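Structure below is run_0.cif: mmCIF, C-alpha atoms.
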```cif
data_query
loop_
_atom_site.label_atom_id
_atom_site.label_comp_id
_atom_site.auth_asym_id
_atom_site.auth_seq_id
_atom_site.Cartn_x
_atom_site.Cartn_y
_atom_site.Cartn_z
CA MET A 1 6.00 5.87 3.27
CA ARG A 2 3.20 8.34 3.84
CA ILE A 3 0.79 5.62 4.99
CA TYR A 4 3.24 4.70 7.81
CA ASN A 5 3.53 8.37 8.81
CA ARG A 6 -0.26 8.78 8.86
CA PHE A 7 -0.60 5.64 10.98
CA ILE A 8 2.02 6.80 13.53
CA ILE A 9 0.51 10.31 13.72
CA THR A 10 -3.01 8.84 14.22
CA LEU A 11 -1.76 6.55 17.01
CA THR A 12 0.05 9.45 18.71
CA LEU A 13 -2.97 11.77 18.58
CA VAL A 14 -5.39 9.10 19.81
CA ALA A 15 -3.06 8.00 22.64
CA GLY A 16 -2.61 11.65 23.68
CA PHE A 17 -6.36 12.24 23.61
CA ILE A 18 -7.13 9.08 25.64
CA ASN A 19 -4.48 9.85 28.27
CA ALA A 20 -5.65 13.46 28.60
CA LEU A 21 -9.31 12.40 28.85
CA LEU A 22 -8.65 9.73 31.49
CA ALA A 23 -6.44 12.14 33.47
CA PHE A 24 -9.19 14.78 33.29
CA MET A 25 -11.70 12.19 34.57
CA GLY A 26 -9.42 11.51 37.55
CA GLN A 27 -8.53 7.95 36.63
CA GLU A 28 -5.76 6.63 38.89
CA ASP A 29 -5.43 3.02 37.73
CA ILE A 30 -2.49 2.52 35.32
CA GLN A 31 -4.02 -0.76 34.08
CA ILE A 32 -7.09 1.11 32.80
CA PHE A 33 -4.81 3.50 30.90
CA PHE A 34 -2.92 0.60 29.34
CA VAL A 35 -6.02 -1.41 28.37
CA ILE A 36 -7.78 1.55 26.73
CA ASN A 37 -4.60 2.50 24.84
CA LEU A 38 -4.33 -1.13 23.72
CA ILE A 39 -7.94 -1.20 22.47
CA ALA A 40 -7.31 2.05 20.55
CA TYR A 41 -4.14 0.59 19.01
CA MET A 42 -5.94 -2.62 17.93
CA THR A 43 -8.85 -0.64 16.42
CA ILE A 44 -6.63 1.77 14.47
CA THR A 45 -4.45 -1.07 13.20
CA LEU A 46 -7.56 -2.89 11.95
CA LEU A 47 -8.81 0.28 10.22
CA TYR A 48 -5.57 0.59 8.22
CA VAL A 49 -6.53 -2.28 5.89
CA TYR A 50 -4.27 -1.23 3.00
CA PHE A 51 -0.94 -1.95 4.69
CA ASN A 52 1.39 -4.15 2.67
CA PRO A 53 1.76 -7.79 3.85
CA ARG A 54 5.18 -7.21 5.47
CA ALA A 55 3.92 -4.28 7.54
CA ARG A 56 0.79 -6.24 8.44
CA ARG A 57 2.89 -9.19 9.68
CA ALA A 58 5.17 -6.89 11.69
CA LEU A 59 2.19 -5.14 13.32
CA ASP A 60 0.57 -8.51 14.05
CA GLY A 61 3.74 -9.43 15.96
CA VAL A 62 3.49 -6.21 18.01
CA SER A 63 -0.22 -6.91 18.64
CA VAL A 64 0.64 -10.37 19.99
CA VAL A 65 3.14 -8.82 22.46
CA PHE A 66 0.59 -6.22 23.60
CA PHE A 67 -2.14 -8.83 23.87
CA GLY A 68 0.21 -10.94 26.02
CA ALA A 69 0.57 -7.96 28.38
CA PHE A 70 -3.23 -7.59 28.39
CA LEU A 71 -3.62 -11.27 29.35
CA VAL A 72 -1.15 -10.77 32.21
CA ILE A 73 -3.29 -7.88 33.52
CA VAL A 74 -6.46 -10.01 33.21
CA ALA A 75 -4.76 -12.90 35.04
CA MET A 76 -3.64 -10.56 37.84
CA LYS A 77 -7.19 -9.22 38.18
CA VAL A 78 -8.64 -12.76 38.31
CA VAL A 79 -6.12 -13.83 40.96
CA ASP A 80 -6.95 -10.66 42.91
CA ILE A 81 -10.72 -11.35 42.79
CA ILE A 82 -10.28 -15.03 43.77
CA SER A 83 -7.93 -14.22 46.65
CA ARG A 84 -10.42 -11.66 48.05
CA ARG A 85 -13.01 -14.42 48.41
CA MET B 1 39.82 -2.30 15.44
CA ARG B 2 37.43 -4.80 13.83
CA GLN B 3 34.98 -4.43 16.74
CA GLY B 4 35.05 -0.65 16.35
CA THR B 5 34.23 -0.93 12.64
CA LEU B 6 31.42 -3.36 13.44
CA ILE B 7 29.93 -0.97 16.01
CA ILE B 8 30.15 1.95 13.55
CA LEU B 9 28.45 -0.12 10.81
CA THR B 10 25.71 -1.26 13.21
CA MET B 11 25.10 2.32 14.37
CA ARG B 12 25.01 3.53 10.75
CA SER B 13 22.43 0.88 9.77
CA LEU B 14 20.33 1.87 12.81
CA LEU B 15 20.48 5.57 11.98
CA ASN B 16 19.81 5.03 8.27
CA ASN B 17 16.24 4.02 9.03
CA PRO B 18 14.30 6.95 10.56
CA TYR B 19 11.49 4.71 11.84
CA ARG B 20 13.95 2.52 13.75
CA TRP B 21 15.68 5.60 15.15
CA LEU B 22 12.34 7.09 16.26
CA GLY B 23 11.16 3.75 17.68
CA LEU B 24 14.29 3.17 19.75
CA SER B 25 14.24 6.76 21.02
CA LEU B 26 10.59 6.45 22.09
CA CYS B 27 11.21 3.07 23.79
CA VAL B 28 14.23 4.39 25.73
CA ALA B 29 12.48 7.65 26.66
CA GLY B 30 9.34 5.77 27.76
CA ALA B 31 11.33 3.19 29.74
CA VAL B 32 13.19 5.96 31.62
CA PHE B 33 10.21 8.30 32.08
CA SER B 34 7.58 5.74 33.28
CA PRO B 35 9.37 4.55 36.47
CA LEU B 36 10.33 8.14 37.30
CA ALA B 37 6.72 9.29 36.89
CA PHE B 38 5.34 6.33 38.84
CA PHE B 39 7.75 6.15 41.78
CA ILE B 40 9.12 9.68 42.16
CA VAL B 41 6.43 12.02 40.77
CA THR B 42 3.69 9.45 41.71
CA SER B 43 1.54 10.54 38.78
CA VAL B 44 -0.42 7.80 37.01
CA PRO B 45 -1.31 9.93 33.91
CA LEU B 46 2.39 10.76 33.36
CA THR B 47 3.24 7.06 33.73
CA ALA B 48 0.59 6.33 31.10
CA VAL B 49 2.28 8.83 28.75
CA GLY B 50 5.53 6.88 29.20
CA LEU B 51 3.72 3.59 28.48
CA SER B 52 2.16 5.08 25.33
CA ALA B 53 5.63 6.17 24.19
CA ILE B 54 6.89 2.60 24.62
CA MET B 55 3.90 1.26 22.62
CA LEU B 56 4.53 3.78 19.82
CA GLY B 57 8.21 2.87 19.88
CA PHE B 58 7.39 -0.82 19.34
CA VAL B 59 5.13 0.14 16.40
CA CYS B 60 7.85 2.31 14.80
CA VAL B 61 10.48 -0.45 15.13
CA ALA B 62 8.04 -2.95 13.57
CA LEU B 63 7.33 -0.59 10.66
CA ALA B 64 11.07 0.01 10.18
CA ASN B 65 11.50 -3.69 9.44
CA ALA B 66 8.64 -3.57 6.91
CA ARG B 67 10.27 -0.95 4.66
CA PRO B 68 11.23 -2.09 1.14
CA TYR B 69 14.65 -3.69 0.62
CA ILE B 70 15.52 -1.48 -2.34
CA SER B 71 15.43 2.29 -2.44
CA PRO B 72 12.72 4.27 -4.31
CA GLU B 73 15.47 5.63 -6.59
CA ALA B 74 16.42 2.09 -7.66
CA CYS B 75 12.73 1.26 -8.32
CA GLN B 76 12.34 4.43 -10.41
CA LEU B 77 15.47 3.54 -12.38
CA MET B 78 14.07 0.11 -13.24
CA LEU B 79 10.64 1.52 -14.16
CA LYS B 80 12.23 4.15 -16.42
CA THR B 81 14.43 1.52 -18.10
CA GLY B 82 11.42 -0.69 -18.92
CA MET B 83 9.40 2.29 -20.15
CA GLU B 84 12.24 3.58 -22.36
CA ASN B 85 12.65 0.14 -23.98
CA THR B 86 8.93 -0.23 -24.69
CA SER B 87 8.80 3.37 -25.90
CA ALA B 88 11.66 2.71 -28.35
CA LEU B 89 9.76 -0.31 -29.72
CA LEU B 90 6.55 1.73 -30.14
CA GLU B 91 8.38 4.59 -31.85
CA GLU B 92 10.25 2.25 -34.18
CA LEU B 93 6.96 0.61 -35.25
CA ASN B 94 5.25 4.03 -35.33
CA LEU B 95 2.41 2.72 -33.12
CA ARG B 96 0.10 5.39 -31.72
CA ASN B 97 -2.98 3.32 -30.91
CA LYS B 98 -4.45 2.96 -27.45
CA ALA B 99 -3.53 -0.32 -25.79
CA VAL B 100 -6.10 -2.91 -24.75
CA TYR B 101 -5.48 -4.55 -21.39
CA LEU B 102 -6.22 -8.27 -21.39
CA PRO B 103 -6.91 -10.39 -18.28
CA SER B 104 -4.59 -13.29 -17.45
CA LEU B 105 -7.12 -15.87 -18.67
CA MET B 106 -6.78 -14.46 -22.20
CA ARG B 107 -2.99 -14.57 -22.06
CA GLU B 108 -0.72 -17.29 -20.80
CA GLY B 109 -0.85 -16.69 -17.06
CA ARG B 110 -0.20 -12.94 -16.83
CA PRO B 111 -2.35 -9.97 -17.88
CA GLN B 112 -0.79 -7.95 -20.68
CA ALA B 113 -1.49 -4.95 -22.87
CA LEU B 114 -2.14 -5.39 -26.58
CA ILE B 115 -1.27 -2.56 -28.99
CA PRO B 116 -2.90 -3.10 -32.40
CA LEU B 117 -0.88 -2.33 -35.53
CA LEU B 118 -3.89 -0.83 -37.32
CA GLU B 119 -5.47 2.41 -36.18
CA ASP B 120 -9.12 1.40 -36.69
CA ALA B 121 -8.67 -2.09 -35.27
CA ASP B 122 -11.81 -3.76 -33.92
CA LEU B 123 -10.81 -5.23 -30.60
CA MET B 124 -14.31 -5.24 -29.15
CA HIS B 125 -14.89 -8.94 -29.60
CA ILE B 126 -11.70 -10.67 -28.53
CA LYS B 127 -12.82 -13.75 -26.68
CA GLN B 128 -10.30 -16.48 -27.38
CA LYS B 129 -7.03 -16.96 -25.53
CA LEU B 130 -4.14 -15.33 -27.38
CA PRO B 131 -0.69 -16.96 -27.65
CA GLY B 132 1.96 -15.67 -25.23
CA ARG B 133 4.21 -14.05 -27.85
CA LEU B 134 5.36 -10.51 -28.59
CA ILE B 135 3.53 -10.31 -31.94
CA VAL B 136 0.05 -11.84 -31.83
CA ARG B 137 -2.84 -12.28 -34.24
CA TYR B 138 -6.17 -11.42 -32.56
CA GLY B 139 -8.62 -11.78 -35.50
CA ALA B 140 -9.31 -13.69 -38.69
CA ASN B 141 -7.96 -11.02 -41.06
CA PRO B 142 -4.24 -11.00 -41.95
CA ASP B 143 -4.02 -7.39 -40.72
CA ASP B 144 -5.40 -8.20 -37.28
CA MET B 145 -2.00 -8.10 -35.65
CA ALA B 146 -0.84 -6.49 -32.43
CA ILE B 147 2.14 -6.45 -30.13
CA ALA B 148 1.68 -7.64 -26.55
CA VAL B 149 3.71 -5.96 -23.83
CA THR B 150 3.96 -6.36 -20.08
CA THR B 151 3.17 -3.17 -18.17
CA ALA B 152 3.56 -1.98 -14.58
CA GLY B 153 -0.07 -3.00 -14.03
CA SER B 154 0.53 -6.54 -15.30
CA ILE B 155 3.24 -7.20 -12.71
CA ASN B 156 1.24 -5.72 -9.85
CA ILE B 157 -1.54 -8.28 -10.16
CA ASP B 158 0.84 -10.77 -8.48
CA LEU B 159 0.91 -8.53 -5.37
CA LEU B 160 -2.81 -8.96 -4.73
CA GLU B 161 -3.57 -11.48 -2.00
CA ASN B 162 -7.00 -12.41 -3.46
CA SER B 163 -8.61 -12.01 -6.88
CA PRO B 164 -10.53 -8.72 -6.99
CA GLU B 165 -14.33 -8.83 -6.98
CA PRO B 166 -15.93 -7.99 -10.37
CA THR B 167 -17.63 -4.86 -8.97
CA SER B 168 -16.52 -1.22 -8.82
CA GLU B 169 -16.12 -1.58 -5.02
CA GLY B 170 -13.98 -4.71 -5.43
CA ILE B 171 -11.80 -3.00 -8.02
CA GLU B 172 -11.53 0.11 -5.82
CA ASP B 173 -10.40 -2.01 -2.85
CA ALA B 174 -7.77 -3.84 -4.92
CA VAL B 175 -6.45 -0.61 -6.52
CA ASN B 176 -6.35 1.13 -3.12
CA TYR B 177 -4.45 -1.81 -1.66
CA ILE B 178 -1.84 -1.69 -4.43
CA LEU B 179 -1.48 2.09 -4.88
CA THR B 180 -1.72 3.28 -1.27
CA GLY B 181 -0.70 0.24 0.78
CA VAL B 182 1.90 -1.66 -1.24
CA LEU B 183 3.41 0.90 -3.64
CA ASP B 184 2.59 4.07 -1.64
CA ILE B 185 2.28 6.18 -4.81
CA ALA B 186 -1.20 7.64 -4.12
CA SER B 187 -3.27 8.77 -1.14
CA ALA B 188 -6.70 7.47 -2.12
CA VAL B 189 -8.60 5.99 -5.06
CA HIS B 190 -12.30 6.25 -5.82
CA ILE B 191 -13.89 4.24 -8.63
CA ILE B 192 -17.44 4.37 -9.95
CA SER B 193 -19.06 2.36 -12.72
CA GLN B 194 -21.19 4.33 -15.18
CA ASP B 195 -22.59 3.40 -18.63
CA GLY B 196 -20.08 0.61 -19.26
CA LEU B 197 -17.22 2.86 -18.19
CA LEU B 198 -15.16 2.82 -15.03
CA ARG B 199 -14.24 6.28 -13.75
CA ALA B 200 -11.29 6.33 -11.37
CA GLU B 201 -10.16 9.36 -9.40
CA ILE B 202 -6.73 9.10 -7.82
CA THR B 203 -5.75 11.70 -5.23
CA GLY B 204 -2.22 12.40 -4.06
CA ALA B 205 -0.63 10.60 -7.03
CA ARG B 206 3.15 10.79 -7.07
CA LEU B 207 3.68 9.48 -10.61
CA PRO B 208 1.99 12.15 -12.71
CA TYR B 209 0.75 11.68 -16.27
CA GLU B 210 3.33 12.76 -18.85
CA ASN B 211 2.29 13.35 -22.42
CA VAL B 212 4.99 11.11 -23.92
CA TRP B 213 4.69 8.40 -26.59
CA TYR B 214 4.65 5.51 -24.10
CA GLU B 215 1.93 7.03 -21.92
CA ARG B 216 -0.21 8.07 -24.90
CA CYS B 217 -0.36 4.37 -25.90
CA LEU B 218 -0.32 2.54 -22.57
CA GLY B 219 -1.32 5.24 -20.08
CA SER B 220 0.67 6.40 -17.08
CA PRO B 221 1.93 3.69 -14.68
CA ILE B 222 -0.96 4.51 -12.29
CA ALA B 223 -3.60 4.29 -15.04
CA SER B 224 -1.96 1.10 -16.25
CA ILE B 225 -2.33 -0.45 -12.78
CA VAL B 226 -6.01 0.61 -12.59
CA ALA B 227 -6.66 -0.81 -16.08
CA ALA B 228 -4.86 -4.11 -15.42
CA ILE B 229 -6.72 -4.68 -12.14
CA SER B 230 -10.08 -3.74 -13.74
CA SER B 231 -9.43 -6.15 -16.61
CA GLU B 232 -8.46 -8.95 -14.23
CA ALA B 233 -11.48 -8.35 -11.96
CA LEU B 234 -14.03 -8.22 -14.80
CA ALA B 235 -12.22 -10.94 -16.83
CA LYS B 236 -12.73 -8.71 -19.89
CA PRO B 237 -10.45 -6.60 -22.08
CA VAL B 238 -10.41 -2.92 -21.14
CA ARG B 239 -8.93 0.25 -22.66
CA ILE B 240 -7.85 3.54 -21.09
CA LYS B 241 -10.19 5.94 -22.85
CA GLU B 242 -9.12 9.18 -21.19
CA GLU B 243 -6.56 10.27 -18.68
CA SER B 244 -6.22 13.77 -17.27
CA GLN B 245 -4.64 15.51 -14.34
CA ALA B 246 -5.99 18.53 -12.46
CA LYS B 247 -5.45 19.94 -8.96
CA GLY B 248 -3.35 17.01 -7.80
CA LYS B 249 -5.93 14.46 -8.96
CA ILE B 250 -5.58 12.01 -11.83
CA SER B 251 -8.84 11.04 -13.53
CA VAL B 252 -8.87 7.88 -15.59
CA VAL B 253 -11.80 6.69 -17.71
CA ILE B 254 -11.68 2.99 -18.57
CA GLU B 255 -13.79 1.49 -21.30
CA VAL B 256 -14.84 -2.13 -20.81
CA LEU B 257 -14.71 -4.03 -24.11
CA ALA B 258 -16.46 -7.26 -25.17
#
```

Any chance you could give the structure as structure tokens?
Amino acid sequence: MRIYNRFIITLTLVAGFINALLAFMGQEDIQIFFVINLIAYMTITLLYVYFNPRARRALDGVSVVFFGAFLVIVAMKVVDIISRR
Amino acid sequence: MRQGTLIILTMRSLLNNPYRWLGLSLCVAGAVFSPLAFFIVTSVPLTAVGLSAIMLGFVCVALANARPYISPEACQLMLKTGMENTSALLEELNLRNKAVYLPSLMREGRPQALIPLLEDADLMHIKQKLPGRLIVRYGANPDDMAIAVTTAGSINIDLLENSPEPTSEGIEDAVNYILTGVLDIASAVHIISQDGLLRAEITGARLPYENVWYERCLGSPIASIVAAISSEALAKPVRIKEESQAKGKISVVIEVLA
């Protein structure tokens, strides 16, 4: 299962790098952290094209959950912008 | 008593899968750490670390459910059994010729390997569909006989989601998908087409070439998979011309016939 290990290690390193970079830049919005981590996850998952169909289906399920959380953040932002007006 | 046994069995099944164990640990650690970091330490970057741990935990649990149902040892046992049986047949018939891999359209539904009974057999011009039997006649002469066997490569064609493209890139993609993604027996595959030959270089192969009777005729399981996919993609018979191993790399040269 070396391809799974490589995938998990890549995700860990990229998430660590993104969090460190955003912290270094002084970012204080947790939603920004989440959204950028989500984009990195989606990109890396797409780059691993040789996953077997079962792994691909399982990761698609996880992506749907994460994307649901992303939509909640977008909805909260939209409500926030509308209520300010 | 029964509940206790059930809990022990559930815990054992959880711990048996390292990805599930890692995933649950990351989820629990992230779920505990994030609120502490957000409300008590009031540090957004540390909260983000907790969120990342939860995301990684979800990924690990998902991958745990995508592991194969049967153990690698059981798969190896079945592969060895099939190879020993075919090897016994080849030794009994004293066949030492290189096998020709035929695409599924030349057999009845499944690609197979053809081992000619004669050493100087001319298999360059097989065009017609051959009957789906163990002993087949491939030419007009009475001596044009061969045995047709199913190899590891033949079975793996069914695992491909789409038919491979008849180019070296298409074959490389299909072989990479099977060897690295589905079977996880190699790290990477590179294929180039040159002078009617396909040259494949497989790195990180975990089923090395063994100079035994079976592999001298049909190639190693990895070469067999490359040959079967190449034959299916090009819709032409192919033969493993050379196979060698050096510095953790397996090099396979495939000759395209017809």

With all atoms listed in the file considered, list every residue of chain B at most 6 Å from chain A, as a ChimeraX atom specification.
/B:44-45,62-63,66,177,181-182

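Between CA of Val35 in chain A and CA of Arg20 in chain B the interatomic distance comes to 25.1 Å.
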
Work out how far CA of Ile115 in chain B is from CA of Ala146 in chain B, in Å to one decimal.
5.2 Å

Here's the selection I'm unsure about, the PyMOL selection byres ((chain B and resi 56) around 10); applied to the file above, which residues does it give, as a PyMOL selection string?
(chain A and resi 8-9+11-12+15+41) or (chain B and resi 22-24+26-27+30+50-55+57-62)

Write out as a list of chain:residue names the residues lying within 8 Å of range 90-100 of chain B, counting only C-alpha atoms and excluding same-chain residues fewer than 2 positions away.
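In the requested format, the answer is B:Thr86, B:Ser87, B:Ala88, B:Leu102, B:Ala113, B:Leu114, B:Ile115, B:Pro116, B:Leu117, B:Leu118, B:Glu119, B:Leu123, B:Trp213, B:Tyr214, B:Arg216, B:Cys217, B:Leu218, B:Pro237, B:Val238, B:Arg239, B:Ile240, B:Lys241.
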
When you draw a straight line from CA of Asp158 in chain B to CA of Arg110 in chain B, how long is it in Å?
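Distance between the two atoms: 8.7 Å.
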
Expected selection from the PyMOL selection byres ((chain B and resi 245) around 12), given as a ChimeraX atom specification
/B:200-211,220,222-223,242-244,246-253

Could those selected residues go to a file with C-alpha atoms, as an mmCIF file, in the coordinates of the input?
```cif
data_model
loop_
_atom_site.group_PDB
_atom_site.id
_atom_site.type_symbol
_atom_site.label_atom_id
_atom_site.label_comp_id
_atom_site.auth_asym_id
_atom_site.auth_seq_id
_atom_site.Cartn_x
_atom_site.Cartn_y
_atom_site.Cartn_z
ATOM 1 C CA ALA B 200 -11.290 6.330 -11.370
ATOM 2 C CA GLU B 201 -10.160 9.360 -9.400
ATOM 3 C CA ILE B 202 -6.730 9.100 -7.820
ATOM 4 C CA THR B 203 -5.750 11.700 -5.230
ATOM 5 C CA GLY B 204 -2.220 12.400 -4.060
ATOM 6 C CA ALA B 205 -0.630 10.600 -7.030
ATOM 7 C CA ARG B 206 3.150 10.790 -7.070
ATOM 8 C CA LEU B 207 3.680 9.480 -10.610
ATOM 9 C CA PRO B 208 1.990 12.150 -12.710
ATOM 10 C CA TYR B 209 0.750 11.680 -16.270
ATOM 11 C CA GLU B 210 3.330 12.760 -18.850
ATOM 12 C CA ASN B 211 2.290 13.350 -22.420
ATOM 13 C CA SER B 220 0.670 6.400 -17.080
ATOM 14 C CA ILE B 222 -0.960 4.510 -12.290
ATOM 15 C CA ALA B 223 -3.600 4.290 -15.040
ATOM 16 C CA GLU B 242 -9.120 9.180 -21.190
ATOM 17 C CA GLU B 243 -6.560 10.270 -18.680
ATOM 18 C CA SER B 244 -6.220 13.770 -17.270
ATOM 19 C CA ALA B 246 -5.990 18.530 -12.460
ATOM 20 C CA LYS B 247 -5.450 19.940 -8.960
ATOM 21 C CA GLY B 248 -3.350 17.010 -7.800
ATOM 22 C CA LYS B 249 -5.930 14.460 -8.960
ATOM 23 C CA ILE B 250 -5.580 12.010 -11.830
ATOM 24 C CA SER B 251 -8.840 11.040 -13.530
ATOM 25 C CA VAL B 252 -8.870 7.880 -15.590
ATOM 26 C CA VAL B 253 -11.800 6.690 -17.710
#
```

Quick one: of B:Ser43, B:Asn176, B:Ser104, B:Asn17, who's nearest to Ala188 in chain B, counting only C-alpha atoms?
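Among B:Ser43, B:Asn176, B:Ser104, B:Asn17, it is B:Asn176 that comes nearest to Ala188 in chain B.
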
Produce the centre coordinates and the three edge lengths, each in Å to one decimal, of the box along x, y and z that contains all listed atoms of range 132-146 of chain B with 6 Å added on each side, as AutoDock Vina command-line options.
```
--center_x -2.0 --center_y -11.1 --center_z -33.6 --size_x 26.7 --size_y 21.2 --size_z 28.7
```

Distance query Met106 in chain B at most 6 Å, all atoms listed in the file, self and fewer than 3 positions along chain excluded, as a ChimeraX atom specification:
/B:103,129-130

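The neighbours of range 160-172 of chain B here are the residues that come within 7 Å of it, using all atoms listed in the file and leaving out any residue fewer than 2 positions away in the same chain; they are B:Ile157, B:Asp158, B:Ala174, B:Val175, B:Asn176, B:Val189, B:His190, B:Ile191, B:Ile192, B:Ser193, B:Ile229, B:Ser230, B:Ala233, B:Leu234.
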